[in-house]
$ cat entry11.txt   # compact mmCIF, C-alpha atoms
# COMPACT_ATOMS: atom_id res chain seq x y z
CA MET U 1 -77.95 -0.21 -81.28
CA GLU U 2 -80.23 -0.45 -78.26
CA LEU U 3 -79.97 2.35 -75.70
CA ARG U 4 -80.41 1.15 -72.11
CA THR U 5 -81.76 3.44 -69.44
CA PHE U 6 -80.81 3.25 -65.79
CA SER U 7 -82.47 4.81 -62.76
CA GLY U 8 -80.57 7.45 -60.81
CA ALA U 9 -79.50 5.01 -58.07
CA ALA U 10 -78.31 2.40 -60.57
CA LEU U 11 -76.39 4.99 -62.57
CA ALA U 12 -74.79 6.40 -59.40
CA ALA U 13 -73.73 2.90 -58.35
CA ALA U 14 -72.33 2.19 -61.80
CA LEU U 15 -70.36 5.44 -61.76
CA LEU U 16 -69.05 4.80 -58.25
CA PHE U 17 -68.11 1.18 -58.77
CA GLY U 18 -67.10 1.12 -62.40
CA TYR U 19 -68.18 -0.31 -65.70
CA THR U 20 -68.40 -3.87 -64.31
CA ALA U 21 -71.50 -3.05 -62.29
CA MET U 22 -73.17 -1.34 -65.24
CA ASN U 23 -72.24 -4.21 -67.57
CA ALA U 24 -73.68 -6.75 -65.11
CA ALA U 25 -76.92 -4.80 -64.99
CA ALA U 26 -77.10 -4.67 -68.78
CA GLN U 27 -77.27 -8.49 -68.87
CA VAL U 28 -80.28 -8.63 -66.54
CA PRO U 29 -83.92 -8.03 -67.53
CA ALA U 30 -84.91 -4.37 -67.26
CA GLY U 31 -87.02 -4.80 -64.08
CA ALA U 32 -84.16 -6.31 -62.08
CA GLN U 33 -81.35 -4.05 -63.36
CA GLU U 34 -81.35 -1.57 -60.48
CA GLU U 35 -81.48 -4.29 -57.83
CA THR U 36 -78.61 -6.21 -59.46
CA VAL U 37 -76.40 -3.13 -59.74
CA LEU U 38 -77.08 -2.10 -56.15
CA GLN U 39 -76.40 -5.66 -54.92
CA GLU U 40 -73.06 -5.76 -56.78
CA ALA U 41 -72.24 -2.26 -55.52
CA ALA U 42 -72.91 -3.37 -51.92
CA ASP U 43 -70.68 -6.44 -52.37
CA ILE U 44 -67.89 -4.30 -53.78
CA HIS U 45 -68.39 -1.76 -51.01
CA ALA U 46 -67.99 -4.47 -48.31
CA ASP U 47 -64.82 -5.70 -50.05
CA ILE U 48 -63.46 -2.16 -50.04
CA HIS U 49 -64.02 -1.90 -46.28
CA ILE U 50 -62.29 -5.25 -45.73
CA ALA U 51 -59.30 -4.22 -47.88
CA LYS U 52 -59.05 -0.89 -46.05
CA GLY U 53 -59.27 -2.71 -42.71
CA ASP U 54 -56.49 -5.08 -43.79
CA GLU U 55 -54.23 -2.10 -44.61
CA LEU U 56 -54.95 -0.56 -41.20
CA LEU U 57 -54.34 -3.89 -39.48
CA LEU U 58 -50.91 -4.16 -41.13
CA ALA U 59 -50.17 -0.63 -39.92
CA ARG U 60 -51.16 -1.77 -36.38
CA LYS U 61 -54.10 0.65 -36.27
CA TYR U 62 -56.34 -1.99 -34.75
CA ALA U 63 -59.29 0.11 -33.59
CA ARG U 64 -59.60 1.81 -36.99
CA ALA U 65 -59.29 -1.56 -38.74
CA ARG U 66 -62.14 -2.92 -36.61
CA LYS U 67 -64.36 -0.01 -37.63
CA GLU U 68 -63.80 -0.89 -41.30
CA TYR U 69 -64.52 -4.57 -40.63
CA GLN U 70 -67.65 -3.67 -38.67
CA GLU U 71 -68.87 -1.55 -41.58
CA ALA U 72 -68.23 -4.45 -43.98
CA ALA U 73 -70.10 -6.82 -41.63
CA LYS U 74 -73.05 -4.42 -41.49
CA LEU U 75 -73.24 -4.32 -45.30
CA MET U 76 -72.98 -8.10 -45.55
CA ARG U 77 -75.75 -8.60 -42.99
CA ALA U 78 -77.95 -6.18 -44.92
CA ASP U 79 -77.44 -8.47 -47.94
CA GLY U 80 -78.45 -11.53 -45.90
CA ILE U 81 -74.89 -12.88 -45.67
CA VAL U 82 -73.32 -14.16 -42.45
CA PRO U 83 -70.23 -11.89 -42.33
CA GLU U 84 -67.64 -14.54 -41.54
CA ASP U 85 -64.65 -12.81 -43.19
CA ALA U 86 -65.29 -9.46 -41.54
CA VAL U 87 -65.98 -10.88 -38.08
CA GLN U 88 -63.00 -13.25 -38.15
CA ARG U 89 -60.86 -10.19 -38.98
CA ILE U 90 -62.36 -8.26 -36.04
CA ALA U 91 -61.35 -11.16 -33.77
CA ARG U 92 -57.87 -11.23 -35.32
CA SER U 93 -57.38 -7.52 -34.60
CA LEU U 94 -58.37 -8.11 -30.97
CA TYR U 95 -55.96 -11.06 -30.78
CA TYR U 96 -53.10 -8.84 -32.03
CA GLU U 97 -53.90 -6.41 -29.22
CA ARG U 98 -53.83 -9.31 -26.73
CA LYS U 99 -57.55 -8.89 -26.03
CA HIS U 100 -58.12 -12.63 -26.23
CA ARG U 101 -61.34 -12.78 -24.22
CA SER U 102 -62.89 -10.05 -26.37
CA ALA U 103 -61.89 -12.00 -29.48
CA VAL U 104 -63.49 -15.14 -28.03
CA SER U 105 -66.68 -13.18 -27.38
CA VAL U 106 -66.75 -11.85 -30.96
CA LEU U 107 -66.29 -15.36 -32.37
CA ASP U 108 -68.97 -16.77 -30.07
CA GLY U 109 -71.31 -14.10 -31.46
CA LEU U 110 -70.43 -15.19 -35.00
CA ALA U 111 -71.10 -18.83 -34.08
CA LYS U 112 -74.56 -17.90 -32.73
CA GLU U 113 -75.35 -15.81 -35.82
CA ALA U 114 -74.26 -18.68 -38.08
CA ALA U 115 -76.37 -21.16 -36.08
CA GLN U 116 -79.45 -18.96 -36.52
CA ALA U 117 -78.78 -18.83 -40.27
CA GLY U 118 -78.21 -22.60 -40.50
CA GLU U 119 -74.57 -22.15 -41.58
CA VAL U 120 -73.00 -25.14 -39.81
CA ALA U 121 -69.54 -24.75 -41.40
CA ILE U 122 -69.27 -21.09 -40.35
CA GLN U 123 -70.58 -21.94 -36.88
CA THR U 124 -67.99 -24.72 -36.48
CA ARG U 125 -65.08 -22.57 -37.72
CA ALA U 126 -66.05 -19.71 -35.41
CA LEU U 127 -66.42 -22.02 -32.42
CA ALA U 128 -63.12 -23.77 -33.22
CA ASN U 129 -61.26 -20.45 -33.43
CA ALA U 130 -62.89 -19.22 -30.23
CA THR U 131 -61.90 -22.44 -28.46
CA TRP U 132 -58.30 -22.16 -29.64
CA LEU U 133 -58.16 -18.53 -28.46
CA LEU U 134 -59.57 -19.53 -25.08
CA TRP U 135 -56.95 -22.28 -24.79
CA PHE U 136 -54.20 -19.83 -25.78
CA ASP U 137 -55.44 -17.26 -23.26
CA CYS U 138 -55.43 -19.91 -20.53
CA THR U 139 -51.80 -20.79 -21.34
CA GLN U 140 -50.86 -17.12 -20.85
CA ARG U 141 -52.56 -16.57 -17.49
CA ARG U 142 -54.69 -18.33 -14.90
CA CYS U 143 -58.10 -19.36 -16.13
CA PRO U 144 -60.37 -20.68 -13.38
CA GLY U 145 -62.72 -23.15 -15.06
CA GLY U 146 -61.01 -22.65 -18.41
CA LYS U 147 -60.13 -26.32 -18.89
CA LEU U 148 -63.73 -27.42 -18.33
CA GLU U 149 -65.03 -24.72 -20.70
CA ILE U 150 -62.56 -25.81 -23.39
CA GLN U 151 -63.66 -29.45 -23.00
CA ASN U 152 -67.34 -28.44 -23.30
CA ARG U 153 -66.56 -26.45 -26.44
CA GLN U 154 -64.65 -29.37 -27.95
CA ARG U 155 -67.66 -31.66 -27.37
CA GLN U 156 -69.90 -29.07 -29.04
CA ILE U 157 -67.52 -28.92 -32.03
CA GLU U 158 -67.55 -32.73 -32.30
CA ARG U 159 -71.38 -32.69 -32.35
CA LEU U 160 -71.34 -30.04 -35.08
CA LEU U 161 -68.85 -32.08 -37.09
CA SER U 162 -71.28 -35.00 -37.14
CA SER U 163 -74.08 -32.80 -38.52
CA PRO U 164 -75.73 -34.08 -41.70
CA TYR U 165 -75.79 -30.47 -42.94
CA LEU U 166 -72.01 -30.35 -43.27
CA ASP U 167 -70.51 -31.76 -46.46
CA ASP U 168 -67.85 -34.46 -46.02
CA GLY U 169 -64.95 -32.45 -47.48
CA GLU U 170 -65.59 -29.52 -45.14
CA ARG U 171 -66.12 -31.95 -42.24
CA ARG U 172 -62.71 -33.58 -42.80
CA LYS U 173 -60.95 -30.20 -43.08
CA LEU U 174 -62.52 -28.91 -39.88
CA ALA U 175 -61.87 -32.16 -38.01
CA VAL U 176 -58.17 -32.01 -38.82
CA ARG U 177 -58.10 -28.33 -37.88
CA VAL U 178 -59.59 -28.92 -34.43
CA GLY U 179 -57.58 -32.09 -33.77
CA VAL U 180 -60.37 -34.65 -34.09
CA SER U 181 -59.83 -37.77 -36.17
CA PRO U 182 -61.92 -37.49 -39.37
CA ASP U 183 -62.71 -41.24 -39.03
CA VAL U 184 -64.23 -40.72 -35.58
CA VAL U 185 -66.35 -37.88 -36.93
CA MET U 186 -67.55 -39.98 -39.88
CA LEU U 187 -68.51 -42.82 -37.49
CA ALA U 188 -70.43 -40.38 -35.29
CA LYS U 189 -72.22 -39.04 -38.38
CA ALA U 190 -73.13 -42.58 -39.46
CA LYS U 191 -74.47 -43.41 -35.97
CA ARG U 192 -76.55 -40.22 -35.91
CA THR U 193 -77.98 -41.00 -39.33
CA ARG U 194 -78.91 -44.56 -38.28
CA VAL U 195 -80.64 -43.34 -35.13
CA ARG U 196 -82.82 -40.91 -37.14
CA ALA U 197 -83.80 -43.52 -39.76

$ encode --input "entry11.txt" --output "structure tokens"
Amino acid sequence: MELRTFSGAALAAALLFGYTAMNAAAQVPAGAQEETVLQEAADIHADIHIAKGDELLLARKYARARKEYQEAAKLMRADGIVPEDAVQRIARSLYYERKHRSAVSVLDGLAKEAAQAGEVAIQTRALANATWLLWFDCTQRRCPGGKLEIQNRQRQIERLLSSPYLDDGERRKLAVRVGVSPDVVMLAKAKRTRVRA
């Protein structure tokens, strides 16, 4: 029987996050064991913050839920992941508190972060949700210039939907979600591809 040794940090992570983390590390070459265990521990830790935030959200403790989601987002960013789940939940908590413009701002931030990372699907979802929230906010109260802003956002979403970096299945789903005909989007994609060739 081979006895595996773990560094202090890897052992602490395995003890904190259970046998699964330690078992995952045991299947990796010795040099990468600590990094793998810490990566898995960080993923689990972000999930714990999201679950805790969800509980607080259900209890209508919105500010505390946002803190948990923000912590999860911070951990995900540290791992090089665009924190879509956590940030969408932050926006949802703001929506529940009727802070629609703040939610729009949070989603716009996510769209920019996704654009910088080249994550077109995340960027499109964030922009679509922000646009819907803006539309909803404008139905609840006066929005000077809101209609024009919504139209500009819809055009931006249509451009994103014709991106060659978006797979066709995701494109169709998002098109239906934002009320654009998937056929129109596919034609726009084909035109864009022809122009580049």

$ atom_distance --input "entry11.txt" --atom1 "atom CA of U:His45" --atom2 "atom CA of U:Arg77"
12.9 Å

$ closest_residue --input "entry11.txt" --among "U:Leu56, U:Leu166, U:Ala114, U:Ala126" --to "U:Gly80" --atoms "all atoms listed in the file"
U:Ala114

$ atom_distance --input "entry11.txt" --atom1 "atom CA of U:Tyr69" --atom2 "atom CA of U:Ala86"
5.0 Å

$ residues_near_point --input "entry11.txt" --point "(-56.3, -3.0, -35.9)" --cutoff "8 Å" --atoms "all atoms listed in the file" --output "ChimeraX atom specification"
/U:53,56-66,93-94,96-97

$ closest_residue --input "entry11.txt" --among "U:Arg159, U:Lys173, U:Lys112, U:Lys74" --to "U:Ala46" --atoms "all atoms listed in the file"
U:Lys74

$ closest_residue --input "entry11.txt" --among "U:Val106, U:Leu127, U:Leu134, U:Ile81" --to "U:Val178" --atoms "only C-alpha atoms"
U:Leu127

$ atom_distance --input "entry11.txt" --atom1 "atom CA of U:Glu68" --atom2 "atom CA of U:Glu84"
14.2 Å

$ residues_around --input "entry11.txt" --residues "U:Val82" --least-positions-apart "5" --cutoff "10 Å" --atoms "all atoms listed in the file" --output "list in words"
Ala73, Lys74, Met76, Arg77, Val87, Leu110, Ala111, Glu113, Ala114, Ala115, Gln116, Ala117, Gly118, Glu119, Ile122 and Gln123 of chain U

$ residues_around --input "entry11.txt" --residues "U:Arg101" --least-positions-apart "6" --cutoff "10 Å" --atoms "all atoms listed in the file" --output "list in words"
Ala91, Leu94, Tyr95, Leu107, Ala130, Leu133, Leu134, Asp137 and Cys138 of chain U

$ closest_residue --input "entry11.txt" --among "U:Asn152, U:Ser105, U:Gln88, U:Thr139" --to "U:Arg125" --atoms "all atoms listed in the file"
U:Gln88

$ build_atoms --input "entry11.txt" --residues "stretch 132-160 of chain U" --atoms "N, CA and C atoms" --output "compact mmCIF listing (two decimals), in the frame of the given file"
# COMPACT_ATOMS: atom_id res chain seq x y z
N TRP U 132 -59.77 -22.28 -29.60
CA TRP U 132 -58.30 -22.16 -29.64
C TRP U 132 -57.85 -20.90 -28.91
N LEU U 133 -58.53 -19.78 -29.14
CA LEU U 133 -58.16 -18.53 -28.46
C LEU U 133 -58.31 -18.66 -26.94
N LEU U 134 -59.36 -19.32 -26.51
CA LEU U 134 -59.57 -19.53 -25.08
C LEU U 134 -58.42 -20.37 -24.51
N TRP U 135 -58.07 -21.44 -25.22
CA TRP U 135 -56.95 -22.28 -24.79
C TRP U 135 -55.67 -21.46 -24.72
N PHE U 136 -55.41 -20.65 -25.75
CA PHE U 136 -54.20 -19.83 -25.78
C PHE U 136 -54.20 -18.84 -24.61
N ASP U 137 -55.34 -18.22 -24.36
CA ASP U 137 -55.44 -17.26 -23.26
C ASP U 137 -55.15 -17.95 -21.92
N CYS U 138 -55.65 -19.17 -21.77
CA CYS U 138 -55.43 -19.91 -20.53
C CYS U 138 -53.98 -20.35 -20.36
N THR U 139 -53.23 -20.47 -21.46
CA THR U 139 -51.80 -20.79 -21.34
C THR U 139 -51.00 -19.55 -20.93
N GLN U 140 -51.55 -18.36 -21.15
CA GLN U 140 -50.86 -17.12 -20.85
C GLN U 140 -51.09 -16.64 -19.42
N ARG U 141 -52.23 -17.01 -18.85
CA ARG U 141 -52.56 -16.57 -17.49
C ARG U 141 -53.52 -17.58 -16.86
N ARG U 142 -53.77 -17.40 -15.59
CA ARG U 142 -54.69 -18.33 -14.90
C ARG U 142 -56.10 -18.20 -15.44
N CYS U 143 -56.72 -19.33 -15.62
CA CYS U 143 -58.10 -19.36 -16.13
C CYS U 143 -58.93 -20.30 -15.26
N PRO U 144 -59.52 -19.80 -14.20
CA PRO U 144 -60.37 -20.68 -13.38
C PRO U 144 -61.53 -21.21 -14.23
N GLY U 145 -61.64 -22.53 -14.29
CA GLY U 145 -62.72 -23.15 -15.06
C GLY U 145 -62.46 -23.20 -16.55
N GLY U 146 -61.31 -22.70 -16.98
CA GLY U 146 -61.01 -22.65 -18.41
C GLY U 146 -60.92 -24.02 -19.05
N LYS U 147 -60.30 -24.98 -18.35
CA LYS U 147 -60.13 -26.32 -18.89
C LYS U 147 -61.48 -26.98 -19.15
N LEU U 148 -62.39 -26.84 -18.19
CA LEU U 148 -63.73 -27.42 -18.33
C LEU U 148 -64.48 -26.76 -19.50
N GLU U 149 -64.36 -25.44 -19.60
CA GLU U 149 -65.03 -24.72 -20.70
C GLU U 149 -64.49 -25.16 -22.05
N ILE U 150 -63.18 -25.35 -22.13
CA ILE U 150 -62.56 -25.81 -23.39
C ILE U 150 -63.07 -27.21 -23.74
N GLN U 151 -63.15 -28.09 -22.75
CA GLN U 151 -63.66 -29.45 -23.00
C GLN U 151 -65.12 -29.42 -23.49
N ASN U 152 -65.94 -28.57 -22.87
CA ASN U 152 -67.34 -28.44 -23.30
C ASN U 152 -67.42 -27.93 -24.74
N ARG U 153 -66.58 -26.98 -25.07
CA ARG U 153 -66.56 -26.45 -26.44
C ARG U 153 -66.12 -27.52 -27.43
N GLN U 154 -65.13 -28.31 -27.05
CA GLN U 154 -64.65 -29.37 -27.95
C GLN U 154 -65.76 -30.40 -28.21
N ARG U 155 -66.53 -30.73 -27.18
CA ARG U 155 -67.66 -31.66 -27.37
C ARG U 155 -68.70 -31.05 -28.32
N GLN U 156 -68.94 -29.75 -28.16
CA GLN U 156 -69.90 -29.07 -29.04
C GLN U 156 -69.40 -29.09 -30.49
N ILE U 157 -68.10 -28.89 -30.69
CA ILE U 157 -67.52 -28.92 -32.03
C ILE U 157 -67.67 -30.32 -32.62
N GLU U 158 -67.40 -31.34 -31.82
CA GLU U 158 -67.55 -32.73 -32.30
C GLU U 158 -68.99 -33.01 -32.73
N ARG U 159 -69.96 -32.51 -31.96
CA ARG U 159 -71.38 -32.69 -32.35
C ARG U 159 -71.66 -31.99 -33.68
N LEU U 160 -71.13 -30.77 -33.82
CA LEU U 160 -71.34 -30.04 -35.08
C LEU U 160 -70.70 -30.77 -36.25
